[in-house]
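Participant: Provided herewith: input36.cif, mmCIF, C-alpha atoms, pLDDT in the B column; chains and numbers go by the auth columns.
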```cif
data_start
#
loop_
_atom_site.group_PDB
_atom_site.id
_atom_site.type_symbol
_atom_site.label_atom_id
_atom_site.label_comp_id
_atom_site.label_asym_id
_atom_site.label_seq_id
_atom_site.Cartn_x
_atom_site.Cartn_y
_atom_site.Cartn_z
_atom_site.B_iso_or_equiv
_atom_site.auth_seq_id
_atom_site.auth_asym_id
ATOM 1 C CA MET A 1 180.579 99.225 -123.112 30.00 1 P
ATOM 2 C CA PHE A 2 184.073 97.746 -122.798 30.00 2 P
ATOM 3 C CA ARG A 3 182.639 94.241 -122.350 33.00 3 P
ATOM 4 C CA ARG A 4 180.649 94.498 -125.578 33.00 4 P
ATOM 5 C CA GLN A 5 183.725 95.597 -127.543 38.00 5 P
ATOM 6 C CA LYS A 6 185.684 92.693 -126.100 37.00 6 P
ATOM 7 C CA LEU A 7 182.947 90.241 -127.112 45.00 7 P
ATOM 8 C CA GLY A 8 182.978 91.753 -130.599 54.00 8 P
ATOM 9 C CA LEU A 9 186.688 91.035 -130.910 49.00 9 P
ATOM 10 C CA LYS A 10 186.111 87.440 -129.774 73.00 10 P
ATOM 11 C CA LEU A 11 183.289 87.004 -132.281 73.00 11 P
ATOM 12 C CA THR A 12 185.485 88.316 -135.088 83.00 12 P
ATOM 13 C CA SER A 13 188.166 85.828 -134.077 87.00 13 P
ATOM 14 C CA ILE A 14 185.672 82.941 -134.058 90.00 14 P
ATOM 15 C CA LEU A 15 184.393 83.960 -137.491 94.00 15 P
ATOM 16 C CA LYS A 16 187.964 84.089 -138.856 95.00 16 P
ATOM 17 C CA ASP A 17 188.715 80.658 -137.400 95.00 17 P
ATOM 18 C CA ILE A 18 185.583 79.209 -139.002 96.00 18 P
ATOM 19 C CA LEU A 19 186.430 80.770 -142.380 96.00 19 P
ATOM 20 C CA ASN A 20 189.990 79.444 -142.160 96.00 20 P
ATOM 21 C CA GLU A 21 188.719 75.969 -141.285 96.00 21 P
ATOM 22 C CA LEU A 22 186.380 76.034 -144.289 97.00 22 P
ATOM 23 C CA GLU A 23 189.276 77.003 -146.558 97.00 23 P
ATOM 24 C CA ASP A 24 191.503 74.279 -145.063 97.00 24 P
ATOM 25 C CA SER A 25 188.700 71.766 -145.691 96.00 25 P
ATOM 26 C CA LYS A 26 188.566 72.807 -149.360 97.00 26 P
ATOM 27 C CA ALA A 27 185.070 74.306 -149.213 97.00 27 P
ATOM 28 C CA SER A 28 184.381 76.676 -152.108 97.00 28 P
ATOM 29 C CA ASP A 29 182.412 79.890 -152.631 96.00 29 P
ATOM 30 C CA ILE A 30 182.709 80.867 -148.959 96.00 30 P
ATOM 31 C CA VAL A 31 180.544 83.883 -148.089 95.00 31 P
ATOM 32 C CA SER A 32 179.931 85.479 -144.688 94.00 32 P
ATOM 33 C CA ILE A 33 177.120 87.951 -144.044 93.00 33 P
ATOM 34 C CA ASN A 34 176.704 90.139 -140.983 92.00 34 P
ATOM 35 C CA ILE A 35 173.040 89.810 -139.987 91.00 35 P
ATOM 36 C CA SER A 36 173.276 91.381 -136.522 88.00 36 P
ATOM 37 C CA LYS A 37 171.141 94.380 -137.548 87.00 37 P
ATOM 38 C CA LYS A 38 168.504 92.196 -139.232 87.00 38 P
ATOM 39 C CA THR A 39 167.767 89.564 -136.593 86.00 39 P
ATOM 40 C CA SER A 40 168.658 88.392 -133.116 87.00 40 P
ATOM 41 C CA LEU A 41 169.032 84.849 -134.479 87.00 41 P
ATOM 42 C CA ALA A 42 172.820 85.225 -134.900 90.00 42 P
ATOM 43 C CA ASP A 43 175.454 87.797 -135.779 91.00 43 P
ATOM 44 C CA TYR A 44 176.832 86.091 -138.883 93.00 44 P
ATOM 45 C CA LEU A 45 175.698 83.581 -141.465 95.00 45 P
ATOM 46 C CA VAL A 46 178.375 81.713 -143.381 96.00 46 P
ATOM 47 C CA PHE A 47 177.659 79.874 -146.634 97.00 47 P
ATOM 48 C CA ALA A 48 180.012 77.398 -148.316 97.00 48 P
ATOM 49 C CA THR A 49 179.842 74.711 -150.986 97.00 49 P
ATOM 50 C CA GLY A 50 181.134 71.155 -150.856 96.00 50 P
ATOM 51 C CA THR A 51 181.672 68.873 -153.826 96.00 51 P
ATOM 52 C CA SER A 52 179.614 65.930 -152.513 95.00 52 P
ATOM 53 C CA ASN A 53 177.617 64.749 -149.515 94.00 53 P
ATOM 54 C CA ARG A 54 180.744 63.045 -148.208 94.00 54 P
ATOM 55 C CA HIS A 55 182.757 66.262 -148.565 96.00 55 P
ATOM 56 C CA ILE A 56 180.048 68.268 -146.781 96.00 56 P
ATOM 57 C CA ASN A 57 180.031 65.742 -143.924 94.00 57 P
ATOM 58 C CA SER A 58 183.817 65.965 -143.658 95.00 58 P
ATOM 59 C CA ILE A 59 183.722 69.783 -143.636 96.00 59 P
ATOM 60 C CA SER A 60 180.995 69.824 -140.972 95.00 60 P
ATOM 61 C CA GLN A 61 182.974 67.491 -138.712 95.00 61 P
ATOM 62 C CA SER A 62 186.093 69.616 -139.171 96.00 62 P
ATOM 63 C CA VAL A 63 184.279 72.867 -138.337 96.00 63 P
ATOM 64 C CA ASN A 64 182.585 71.205 -135.363 95.00 64 P
ATOM 65 C CA LYS A 65 185.976 70.098 -133.968 94.00 65 P
ATOM 66 C CA LYS A 66 187.345 73.609 -134.431 94.00 66 P
ATOM 67 C CA LEU A 67 184.374 75.112 -132.574 94.00 67 P
ATOM 68 C CA LYS A 68 184.889 72.726 -129.667 92.00 68 P
ATOM 69 C CA LYS A 69 188.588 73.714 -129.522 92.00 69 P
ATOM 70 C CA LEU A 70 187.432 77.343 -129.326 89.00 70 P
ATOM 71 C CA ASN A 71 185.278 76.411 -126.295 88.00 71 P
ATOM 72 C CA ILE A 72 181.991 77.000 -128.092 87.00 72 P
ATOM 73 C CA LYS A 73 179.502 75.145 -125.949 82.00 73 P
ATOM 74 C CA ASN A 74 177.301 72.602 -127.709 83.00 74 P
ATOM 75 C CA PRO A 75 177.609 73.509 -131.383 88.00 75 P
ATOM 76 C CA SER A 76 174.870 71.581 -133.159 90.00 76 P
ATOM 77 C CA ILE A 77 174.930 69.989 -136.586 92.00 77 P
ATOM 78 C CA GLU A 78 171.605 69.621 -138.398 93.00 78 P
ATOM 79 C CA GLY A 79 170.931 67.842 -141.683 90.00 79 P
ATOM 80 C CA SER A 80 171.473 64.331 -142.924 77.00 80 P
ATOM 81 C CA ASN A 81 174.531 63.035 -144.722 73.00 81 P
ATOM 82 C CA ASP A 82 172.619 62.602 -147.969 84.00 82 P
ATOM 83 C CA SER A 83 170.567 65.828 -148.014 88.00 83 P
ATOM 84 C CA GLY A 84 173.169 68.089 -149.629 92.00 84 P
ATOM 85 C CA TRP A 85 172.685 70.711 -146.904 95.00 85 P
ATOM 86 C CA VAL A 86 174.123 70.760 -143.386 96.00 86 P
ATOM 87 C CA VAL A 87 173.784 73.569 -140.822 96.00 87 P
ATOM 88 C CA ILE A 88 176.211 74.131 -137.955 96.00 88 P
ATOM 89 C CA ASP A 89 174.840 76.405 -135.256 94.00 89 P
ATOM 90 C CA SER A 90 177.465 77.837 -132.907 91.00 90 P
ATOM 91 C CA GLY A 91 175.198 80.530 -131.500 87.00 91 P
ATOM 92 C CA ASP A 92 176.627 83.773 -132.901 89.00 92 P
ATOM 93 C CA VAL A 93 177.749 82.212 -136.200 94.00 93 P
ATOM 94 C CA ILE A 94 175.602 79.825 -138.228 95.00 94 P
ATOM 95 C CA VAL A 95 177.322 77.901 -141.022 97.00 95 P
ATOM 96 C CA HIS A 96 175.409 76.499 -144.005 97.00 96 P
ATOM 97 C CA LEU A 97 177.185 73.853 -146.095 97.00 97 P
ATOM 98 C CA PHE A 98 175.603 72.982 -149.431 97.00 98 P
ATOM 99 C CA LYS A 99 176.102 70.951 -152.537 96.00 99 P
ATOM 100 C CA ASP A 100 176.208 73.403 -155.450 95.00 100 P
ATOM 101 C CA GLU A 101 172.761 72.643 -156.879 95.00 101 P
ATOM 102 C CA ILE A 102 171.069 72.879 -153.463 95.00 102 P
ATOM 103 C CA ARG A 103 172.776 76.201 -152.755 95.00 103 P
ATOM 104 C CA LYS A 104 171.637 77.642 -156.077 95.00 104 P
ATOM 105 C CA PHE A 105 168.079 76.392 -155.551 95.00 105 P
ATOM 106 C CA TYR A 106 167.586 77.999 -152.112 94.00 106 P
ATOM 107 C CA ASN A 107 169.781 81.065 -152.768 92.00 107 P
ATOM 108 C CA LEU A 108 169.752 81.979 -149.062 93.00 108 P
ATOM 109 C CA GLU A 109 172.684 84.376 -149.179 88.00 109 P
ATOM 110 C CA ASN A 110 170.806 86.564 -151.652 86.00 110 P
ATOM 111 C CA MET A 111 167.839 86.734 -149.293 84.00 111 P
ATOM 112 C CA TRP A 112 170.006 87.606 -146.268 87.00 112 P
ATOM 113 C CA SER A 113 172.225 90.109 -148.076 79.00 113 P
ATOM 114 C CA THR A 114 169.364 92.341 -149.229 71.00 114 P
ATOM 115 C CA GLU A 115 169.134 95.645 -147.362 64.00 115 P
ATOM 116 C CA ILE A 116 166.408 96.408 -144.867 55.00 116 P
ATOM 117 C CA GLU A 117 164.185 99.284 -145.911 49.00 117 P
#
```
Could you rewrite the structure in this file as structure tokens?

Facilitator:
Amino acid sequence: MFRRQKLGLKLTSILKDILNELEDSKASDIVSINISKKTSLADYLVFATGTSNRHINSISQSVNKKLKKLNIKNPSIEGSNDSGWVVIDSGDVIVHLFKDEIRKFYNLENMWSTEIE
């Protein structure tokens, strides 16, 4: 039981570091959702908006560097520079970076924030 609590503290720290890095990179509309009770896919989803494809690429590189400094093994970045949507998978936290219109179209945070019945 102690080990699980310790891992929870580490996860919270990683999430905070990711959120801080997104803020430092000037991402907007940053939202984090705890999905640990809904799926085994990850514990948290993070959504953020960039102003352009170039901005999203810059944010993704910044978050990726931060994850490597935190000793997250093999964070992966998926999505092309011109798609308007990039996903960074660090295992327990998955970060979605969108251009505003793409984020509104898919509306993923609404889907993941609905309660399980």

Participant: Take the point (170.4, 89.9, -137.7) as written in the file and pick out every residue within 12 Å of it, counting all atoms listed in the file; give the list as a list in words.

Facilitator: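 Within 12 Å of (170.4, 89.9, -137.7), the protein and nucleic acid residues are Ile33, Asn34, Ile35, Ser36, Lys37, Lys38, Thr39, Ser40, Leu41, Ala42, Asp43, Tyr44, Leu45, Asp92, Val93, Ile94, Trp112, Ser113, Thr114, Glu115 and Ile116 of chain P.
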
Participant: Mind telling me what the PyMOL selection byres ((chain P and resi 99) around 10) catches here, as a list in words?

Facilitator: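 After applying the PyMOL selection byres ((chain P and resi 99) around 10), what remains is Ala48, Thr49, Gly50, Thr51, Ser52, Asn53, His55, Ile56, Ser83, Gly84, Trp85, Val86, Leu97, Phe98, Asp100, Glu101, Ile102, Arg103 and Lys104 of chain P.
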
Participant: Report, in Å with one decimal, the straight-line distance from CA of Asn71 in chain P to CA of Val87 in chain P.

Facilitator: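 Taking CA of Asn71 in chain P as the start and CA of Val87 in chain P as the end point, the length is 18.7 Å.
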
Participant: Give me, please, the distance in Å between CA of Phe105 in chain P and CA of Lys66 in chain P, quoted to one decimal.

Facilitator: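 So the answer is 28.7 Å.
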
Participant: For Lys65 in chain P, which of P:Ser32, P:Ile18, P:Gly91, P:Asn110 is the closest residue, counting all atoms listed in the file?

Facilitator: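 Answer, going by the shortest atom-to-atom distance: P:Ile18.
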
Participant: Go through P:Val46, P:Leu70, P:Val63, P:Leu15 one by one, measure the shortest atom-to-atom distance of each to Ile30 in chain P using all atoms listed in the file, and give the residue with the smallest value.

Facilitator: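 Of all the options, P:Val46 lies closest to Ile30 in chain P.
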
Participant: Take the PyMOL selection byres ((chain P and resi 62) around 12), apply it to the structure above, and return the hits as a short mmCIF file (atom, residue, chain, number, x, y, z; two decimals) with C-alpha atoms, in the coordinates of the input.

Facilitator:
```cif
data_model
loop_
_atom_site.label_atom_id
_atom_site.label_comp_id
_atom_site.auth_asym_id
_atom_site.auth_seq_id
_atom_site.Cartn_x
_atom_site.Cartn_y
_atom_site.Cartn_z
CA ASP P 17 188.72 80.66 -137.40
CA ILE P 18 185.58 79.21 -139.00
CA LEU P 19 186.43 80.77 -142.38
CA ASN P 20 189.99 79.44 -142.16
CA GLU P 21 188.72 75.97 -141.28
CA LEU P 22 186.38 76.03 -144.29
CA GLU P 23 189.28 77.00 -146.56
CA ASP P 24 191.50 74.28 -145.06
CA SER P 25 188.70 71.77 -145.69
CA LYS P 26 188.57 72.81 -149.36
CA ALA P 27 185.07 74.31 -149.21
CA HIS P 55 182.76 66.26 -148.56
CA ILE P 56 180.05 68.27 -146.78
CA ASN P 57 180.03 65.74 -143.92
CA SER P 58 183.82 65.96 -143.66
CA ILE P 59 183.72 69.78 -143.64
CA SER P 60 181.00 69.82 -140.97
CA GLN P 61 182.97 67.49 -138.71
CA VAL P 63 184.28 72.87 -138.34
CA ASN P 64 182.58 71.20 -135.36
CA LYS P 65 185.98 70.10 -133.97
CA LYS P 66 187.34 73.61 -134.43
CA LEU P 67 184.37 75.11 -132.57
CA LYS P 68 184.89 72.73 -129.67
CA LYS P 69 188.59 73.71 -129.52
CA ILE P 77 174.93 69.99 -136.59
CA ILE P 88 176.21 74.13 -137.96
#
```

Participant: Just the number, please: distance in Å from CA of Lys10 in chain P to CA of Asn107 in chain P, one decimal.

Facilitator: 28.9 Å

Participant: Given only C-alpha atoms as the basis, pick out the residue of P:Tyr106, P:His96, P:Phe47, P:Leu11 nearest to Glu78 in chain P.

Facilitator: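 Between P:Tyr106, P:His96, P:Phe47, P:Leu11, the residue approaching Glu78 in chain P most closely is P:His96.
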
Participant: Can you fill out range 52-77 of chain P with N, CA and C atoms and hand it back as a tab-separated table (two decimals), in the coordinates of the input?

Facilitator:
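Resulting contents of part.tsv:
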```tsv
chain	number	residue	atom	x	y	z
P	52	SER	N	180.48	67.11	-152.63
P	52	SER	CA	179.61	65.93	-152.51
P	52	SER	C	179.07	65.85	-151.09
P	53	ASN	N	178.14	64.94	-150.87
P	53	ASN	CA	177.62	64.75	-149.51
P	53	ASN	C	178.73	64.33	-148.56
P	54	ARG	N	179.62	63.50	-149.04
P	54	ARG	CA	180.74	63.04	-148.21
P	54	ARG	C	181.65	64.22	-147.84
P	55	HIS	N	181.93	65.09	-148.81
P	55	HIS	CA	182.76	66.26	-148.56
P	55	HIS	C	182.08	67.20	-147.56
P	56	ILE	N	180.79	67.42	-147.71
P	56	ILE	CA	180.05	68.27	-146.78
P	56	ILE	C	180.10	67.69	-145.36
P	57	ASN	N	179.95	66.38	-145.23
P	57	ASN	CA	180.03	65.74	-143.92
P	57	ASN	C	181.42	65.94	-143.32
P	58	SER	N	182.44	65.78	-144.12
P	58	SER	CA	183.82	65.96	-143.66
P	58	SER	C	184.06	67.41	-143.20
P	59	ILE	N	183.58	68.37	-144.00
P	59	ILE	CA	183.72	69.78	-143.64
P	59	ILE	C	183.00	70.06	-142.32
P	60	SER	N	181.77	69.55	-142.19
P	60	SER	CA	181.00	69.82	-140.97
P	60	SER	C	181.68	69.26	-139.74
P	61	GLN	N	182.26	68.08	-139.85
P	61	GLN	CA	182.97	67.49	-138.71
P	61	GLN	C	184.22	68.31	-138.36
P	62	SER	N	184.90	68.80	-139.37
P	62	SER	CA	186.09	69.62	-139.17
P	62	SER	C	185.76	70.94	-138.48
P	63	VAL	N	184.71	71.60	-138.94
P	63	VAL	CA	184.28	72.87	-138.34
P	63	VAL	C	183.79	72.62	-136.91
P	64	ASN	N	183.07	71.53	-136.70
P	64	ASN	CA	182.58	71.20	-135.36
P	64	ASN	C	183.76	71.00	-134.38
P	65	LYS	N	184.79	70.30	-134.81
P	65	LYS	CA	185.98	70.10	-133.97
P	65	LYS	C	186.64	71.42	-133.65
P	66	LYS	N	186.73	72.30	-134.64
P	66	LYS	CA	187.34	73.61	-134.43
P	66	LYS	C	186.54	74.40	-133.41
P	67	LEU	N	185.22	74.38	-133.52
P	67	LEU	CA	184.37	75.11	-132.57
P	67	LEU	C	184.57	74.59	-131.15
P	68	LYS	N	184.68	73.30	-131.00
P	68	LYS	CA	184.89	72.73	-129.67
P	68	LYS	C	186.24	73.15	-129.10
P	69	LYS	N	187.27	73.24	-129.96
P	69	LYS	CA	188.59	73.71	-129.52
P	69	LYS	C	188.53	75.18	-129.09
P	70	LEU	N	187.60	75.93	-129.67
P	70	LEU	CA	187.43	77.34	-129.33
P	70	LEU	C	186.51	77.52	-128.12
P	71	ASN	N	186.15	76.42	-127.48
P	71	ASN	CA	185.28	76.41	-126.30
P	71	ASN	C	183.88	76.93	-126.57
P	72	ILE	N	183.39	76.71	-127.78
P	72	ILE	CA	181.99	77.00	-128.09
P	72	ILE	C	181.17	75.85	-127.51
P	73	LYS	N	180.27	76.18	-126.62
P	73	LYS	CA	179.50	75.14	-125.95
P	73	LYS	C	178.38	74.63	-126.84
P	74	ASN	N	178.36	73.33	-127.01
P	74	ASN	CA	177.30	72.60	-127.71
P	74	ASN	C	176.99	73.10	-129.11
P	75	PRO	N	177.99	73.19	-130.00
P	75	PRO	CA	177.61	73.51	-131.38
P	75	PRO	C	176.77	72.34	-131.93
P	76	SER	N	175.72	72.65	-132.66
P	76	SER	CA	174.87	71.58	-133.16
P	76	SER	C	174.97	71.49	-134.68
P	77	ILE	N	174.91	70.26	-135.15
P	77	ILE	CA	174.93	69.99	-136.59
P	77	ILE	C	173.57	69.43	-136.96
```
